[in-house]
Amino acid sequence: MSKKVRVRFAPSPTGGLHLGGVRTVLFNYLFAKQQGGDFILRIEDTDQGRFVPGAEEYILDTLRWCGLEPDESPVHGGPYAPYRQSERKPSYRQYAEQLVKDGYAYYAFDTPAELEEMRVRFKTAENPSPQYNQQIREQMRNSLTLDAGETQRLLAEGTPHVIRIKMPANETIRFTDMIRGEVSFHTSQVDDKVLLKADGMPTYHLAVVVDDYAMKITHAFRGEEWLPSAPVHLLVWKYLGWESEMPEWAHLPLILKPDGNGKLSKRDGDRLGFPVFAMDWTDPKTGETTIGFKERGFLPEAFVNLLAMLGWNDGTDNEIFSLPELIEKFSIERVHKGGAKFDYEKAKWYNHEWIKKLGVGSLELGVKAEFEKKGILIADEDALLPKVIELVKDRCTLLPDFVQQGSFFFQAPTTVEVDAIKPKWDDKKNLFFTELIRGYELSNTWEAQGLENEFKELAAANHLKPGELMLPFRIMLVGGKFGPGVFDIAALIGMYETVNRIKHTLGLLQ
RNA sequence: GGCCGGUUCGUCUAUCGGUUAGGACAGCCCCCUUUCACGGGGCAAAGACGGGUUCGAUUCCCGUACCGGCUACCA
């Protein structure tokens with residue numbers, strides 16, 4: 001019996017959660033749930049300069065909307081608290097010091113200015129970004145170059161310093177990535193990353209190891225951008241003596257911008273006109289709001305579905321999966337290695353599929369909200385809405401489309417495209433509609449088929465082709481050339497509205 | 001520049017050495033529809049390049065090219 005699977009998503013609370021982040025959550029979640037494991041949310045707030053108020057709540061809200069609720073988190077609690085790195089601060093220093101004591105790390109007293117100077121000094125055409133590595137560290141102010149007494153003095157005086165990992169000279173670090181297979185790095189090419197910052201906070205490199213260890217994480221999923229620093233993490237696991245408990249790693253492929261190349265960013269969404277964040281995010285500093293998939297009218301089912309298909313498939317032609325189906329079918333072996341360009345058109349297709357697939361009941365709340373956003377109030381006891389949804393859902397891609405496709409059921413069209421009728425309008429047609437009004441007003445039943453029969457009989461009696469009359473009728477009822485079957489519409493809006501709208505348009509045609 | 005990773009239609013992808021290289025989105029055409037959609041049918045569209053290995057490579061290996069990621073006291 002192997003130990004219980006525990007995975008974590010560890011975002012830093014710096015702003016809205018974007019597509020790539022949510023997909024990382026998704027793959028974490030799917031893997032954990034399939035294995036009967038736990039999904040943990042851990043907030044990586046070690047960079048106090050980048051902390052953004054509200055971001056943590058936003059992340060929780062987003063996960064909730066997606067249906068990817070954590071088993072443990074800062075708000076859900078759990079046996080491995082704290083779930084915010086800042087609250088674990090005291091313990092990081094201890095581990096960093098231990099590494100120094102064991103000779104795996106060292107104190108560095110270089111000031112930011114000195115580091116900058118080093119980068120300038122060693123910068124050449126061949127080496128545009130010099131690293132604090134095995135060669136360079138010999139020329140810097142650290143406990144490797146300073147004698148012990150001097151180091152002690154500086155520390156005793158409270159000189160600002162960081163703790164850096166001391167990369168071994170000549171080792172090959174290998175590990176098996178669940179997605180990429182065997183990956184290896186040579187330590188001579190890896191720099192001495194800072195583990196503990198001058199403010200006493202750990203960098204990601206230390207914190208991720210200490211926290212994953214403390215929280216008994218068994219599998220670590222993260223974006224491909226972390227691959228280059230993996231050897232640092234592997235070494236920290238080893239140096240801290242925890243190697244046997246190190247999680248398995250999986251580096252997920254990136255989500256790329258649709259045009260050109262490169263990681264998808266918020267900017268691309270702004271530029272190309274599609275959301276990148278899961279939900280609306282308002283920057284507390286600028287007050288600027290960035291649109292989210294939710295507010296654009298995406299269903300969480302579709303959002304999760306489309307994210308899952310960015311880099312994974314089950315090997316069949318099936319593309320539509322519910323969350324439970326994904327949990328059942330997901331396999332890390334089938335996750336791609338290469339990045340995927342985000343295609344907004346395809347994203348909309350997923351939403352359309354889900355709108356068609358979902359029953360009226362699941363759509364009702366969201367659709368009602370869209371109408372109310374546009375100032376069209378729909379009473380709870382109004383039985384009309386479900387019928388309208390049923391009638392128009394097949395032609396709606398995003399939630400706001402329901403307003404476009406269905407507002408005329410609730411209120412007479414504000415503009416009527418009479419110009420589409422006028423050219424072929426004549427007295428015979430005018431007479432027909434006048435008689436139609438009289439006929440409809442006398443109807444003792446009011447349902448689509450009956451209305452259609454009556455319409456056609458009257459047309460025949462007037463020696464008119466129904467085809468010439470349907471379009472005008474449609475325009476009278478909905479205002480334009482769109483919508484479901486005209487008689488279905490007439491049946492739903494009722495005799496009073498039907499007759500009124502005909503009369504109104506007849507007036508416009510005078 | 002260095003290190004690491006990646007590379008099948010425009011896009012997302014299937015293929016676990018032998019296929020007319022399949023599906024989906026988008027595009028175009030047709031049908032259905034007395035509107036617009038939905039739906040149905042069809043067309044067009046791909047293995048970066050060069051070497052190996054092999055009876056046979058999209059598939060395995062090497063090189064090249066191209067793309068990306070990283071190269072912070074950010075994650």
# chains A, B, ... in the order shown; residues from 1 in each chain; ligands from 1
>>> interface_residues(of="chain B", to="chain A", cutoff="6 Å", atoms="only C-alpha atoms (C1' of nucleotides)", output="ChimeraX atom specification")
/B:1,4,6,23,25,34-38,69-70,73
>>> atom_distance(atom1="atom CA of Gln449 of chain A", atom2="atom CA of Glu390 of chain A")
17.7 Å
>>> select_by_dssp(residues="segment 261-373 of chain A", states="alpha helix (DSSP H)", output="PyMOL selection string")
chain A and resi 266-272+293-296+300-308+323-329+344-357+360-373
>>> atom_distance(atom1="atom CA of Tyr104 of chain A", atom2="atom C1' of C74 of chain B")
23.6 Å
>>> residues_around(residues="U7 of chain B", least_positions_apart="4", cutoff="10 Å", atoms="only C-alpha atoms (C1' of nucleotides)", output="compact mmCIF listing (two decimals) with N, CA and C atoms (P, O5', C5', C4', C3', O3' and C1' of nucleotides), in the first residue's frame")
# COMPACT_ATOMS: atom_id res chain seq x y z
N GLY A 338 4.84 19.23 -25.54
CA GLY A 338 4.92 20.53 -26.21
C GLY A 338 3.83 21.49 -25.77
P A B 48 7.96 17.19 -38.98
O5' A B 48 8.72 18.18 -39.98
C5' A B 48 8.00 19.17 -40.70
C4' A B 48 9.00 20.18 -41.20
C3' A B 48 10.23 19.55 -41.82
O3' A B 48 10.03 19.36 -43.21
C1' A B 48 10.88 21.11 -40.16
P C B 66 17.94 28.97 -37.14
O5' C B 66 16.40 28.83 -36.75
C5' C B 66 15.38 29.10 -37.70
C4' C B 66 14.07 28.54 -37.23
C3' C B 66 13.63 28.99 -35.85
O3' C B 66 13.00 30.26 -35.88
C1' C B 66 13.37 26.66 -36.01
P C B 67 13.14 31.21 -34.62
O5' C B 67 12.10 30.53 -33.62
C5' C B 67 10.71 30.50 -33.94
C4' C B 67 9.97 29.68 -32.92
C3' C B 67 10.23 30.07 -31.47
O3' C B 67 9.49 31.21 -31.07
C1' C B 67 10.36 27.73 -31.67
>>> residues_around(residues="C60 of chain B", least_positions_apart="6", cutoff="10 Å", atoms="only C-alpha atoms (C1' of nucleotides)", output="number ranges by chain")
B: 17, 53-54
>>> write_last_selection(atoms="N, CA and C atoms (P, O5', C5', C4', C3', O3' and C1' of nucleotides)", output="mmCIF file, in the first residue's frame")
data_model
loop_
_atom_site.group_PDB
_atom_site.id
_atom_site.type_symbol
_atom_site.label_atom_id
_atom_site.label_comp_id
_atom_site.auth_asym_id
_atom_site.auth_seq_id
_atom_site.Cartn_x
_atom_site.Cartn_y
_atom_site.Cartn_z
ATOM 1 P P G B 17 5.685 0.782 -31.843
ATOM 2 O "O5'" G B 17 5.707 0.821 -33.456
ATOM 3 C "C5'" G B 17 6.545 1.705 -34.159
ATOM 4 C "C4'" G B 17 6.107 1.604 -35.606
ATOM 5 C "C3'" G B 17 5.541 0.199 -35.881
ATOM 6 O "O3'" G B 17 4.219 0.080 -36.357
ATOM 7 C "C1'" G B 17 7.655 0.604 -37.025
ATOM 8 P P U B 53 22.541 2.192 -41.537
ATOM 9 O "O5'" U B 53 21.686 1.570 -40.350
ATOM 10 C "C5'" U B 53 22.247 1.486 -39.039
ATOM 11 C "C4'" U B 53 21.180 1.083 -38.063
ATOM 12 C "C3'" U B 53 20.189 0.065 -38.613
ATOM 13 O "O3'" U B 53 20.709 -1.266 -38.523
ATOM 14 C "C1'" U B 53 19.011 1.819 -37.560
ATOM 15 P P U B 54 20.690 -2.170 -39.826
ATOM 16 O "O5'" U B 54 19.139 -2.449 -40.013
ATOM 17 C "C5'" U B 54 18.392 -3.075 -38.966
ATOM 18 C "C4'" U B 54 16.923 -2.991 -39.265
ATOM 19 C "C3'" U B 54 16.527 -3.431 -40.675
ATOM 20 O "O3'" U B 54 16.431 -4.839 -40.781
ATOM 21 C "C1'" U B 54 15.432 -1.397 -40.137
#
>>> atom_distance(atom1="atom CA of Asn462 of chain A", atom2="atom CA of Thr505 of chain A")
20.2 Å
>>> select_by_dssp(residues="segment 215-448 of chain A", states="strand (DSSP E or B)", output="ChimeraX atom specification")
/A:219-223,248-252,255-256,263,277,281-282,289-290,292,340-341
>>> write_last_selection(atoms="N, CA, C and O atoms", output="compact mmCIF listing (two decimals), in the first residue's frame")
# COMPACT_ATOMS: atom_id res chain seq x y z
N HIS A 219 3.35 14.33 -5.16
CA HIS A 219 3.55 14.58 -6.59
C HIS A 219 3.50 16.09 -6.82
O HIS A 219 2.55 16.74 -6.41
N ALA A 220 4.52 16.61 -7.44
CA ALA A 220 4.59 18.06 -7.64
C ALA A 220 4.42 18.40 -9.13
O ALA A 220 5.25 18.06 -9.95
N PHE A 221 3.30 19.06 -9.42
CA PHE A 221 3.01 19.50 -10.78
C PHE A 221 3.26 20.99 -10.85
O PHE A 221 2.86 21.74 -9.98
N ARG A 222 3.90 21.43 -11.89
CA ARG A 222 4.13 22.86 -12.07
C ARG A 222 4.42 23.11 -13.54
O ARG A 222 4.60 22.18 -14.32
N GLY A 223 4.49 24.37 -13.90
CA GLY A 223 4.72 24.73 -15.30
C GLY A 223 6.14 24.44 -15.75
O GLY A 223 7.06 24.34 -14.94
N GLU A 248 7.37 13.10 -6.69
CA GLU A 248 7.65 12.91 -8.11
C GLU A 248 7.32 14.22 -8.80
O GLU A 248 6.38 14.92 -8.42
N TRP A 249 8.09 14.53 -9.82
CA TRP A 249 7.89 15.79 -10.51
C TRP A 249 7.17 15.63 -11.84
O TRP A 249 7.35 14.62 -12.53
N ALA A 250 6.42 16.65 -12.19
CA ALA A 250 5.78 16.67 -13.51
C ALA A 250 5.77 18.12 -13.97
O ALA A 250 5.17 18.98 -13.32
N HIS A 251 6.46 18.41 -15.04
CA HIS A 251 6.49 19.76 -15.58
C HIS A 251 5.56 19.88 -16.76
O HIS A 251 5.77 19.27 -17.80
N LEU A 252 4.50 20.63 -16.56
CA LEU A 252 3.44 20.78 -17.54
C LEU A 252 3.84 21.70 -18.70
O LEU A 252 4.53 22.69 -18.49
N ILE A 255 1.01 27.15 -22.01
CA ILE A 255 -0.06 27.57 -22.91
C ILE A 255 0.46 28.81 -23.62
O ILE A 255 0.86 29.79 -22.97
N LEU A 256 0.50 28.72 -24.93
CA LEU A 256 1.12 29.77 -25.75
C LEU A 256 0.10 30.75 -26.33
O LEU A 256 -1.08 30.44 -26.46
N LYS A 263 4.77 32.47 -24.24
CA LYS A 263 3.78 32.19 -23.21
C LYS A 263 2.59 33.13 -23.36
O LYS A 263 2.76 34.32 -23.59
N PHE A 277 -7.86 35.57 -17.82
CA PHE A 277 -8.14 35.22 -16.44
C PHE A 277 -9.43 34.41 -16.35
O PHE A 277 -10.31 34.55 -17.19
N TRP A 281 -10.90 40.30 -12.73
CA TRP A 281 -9.94 40.67 -11.71
C TRP A 281 -9.77 42.19 -11.73
O TRP A 281 -9.49 42.76 -12.78
N THR A 282 -9.98 42.79 -10.58
CA THR A 282 -9.79 44.22 -10.49
C THR A 282 -8.53 44.51 -9.70
O THR A 282 -8.41 44.12 -8.54
N THR A 289 -10.10 46.73 -14.33
CA THR A 289 -10.66 45.38 -14.30
C THR A 289 -10.32 44.63 -15.58
O THR A 289 -10.46 45.14 -16.68
N THR A 290 -9.86 43.41 -15.40
CA THR A 290 -9.57 42.54 -16.52
C THR A 290 -10.66 41.48 -16.60
O THR A 290 -10.96 40.83 -15.61
N GLY A 292 -12.90 38.22 -17.21
CA GLY A 292 -12.66 36.80 -16.99
C GLY A 292 -13.57 35.94 -17.87
O GLY A 292 -14.54 36.44 -18.43
N ALA A 340 0.88 24.41 -26.08
CA ALA A 340 -0.28 24.51 -26.96
C ALA A 340 -0.70 25.96 -27.13
O ALA A 340 -0.83 26.69 -26.16
N LYS A 341 -0.90 26.36 -28.37
CA LYS A 341 -1.39 27.72 -28.60
C LYS A 341 -2.87 27.77 -28.24
O LYS A 341 -3.62 26.87 -28.61
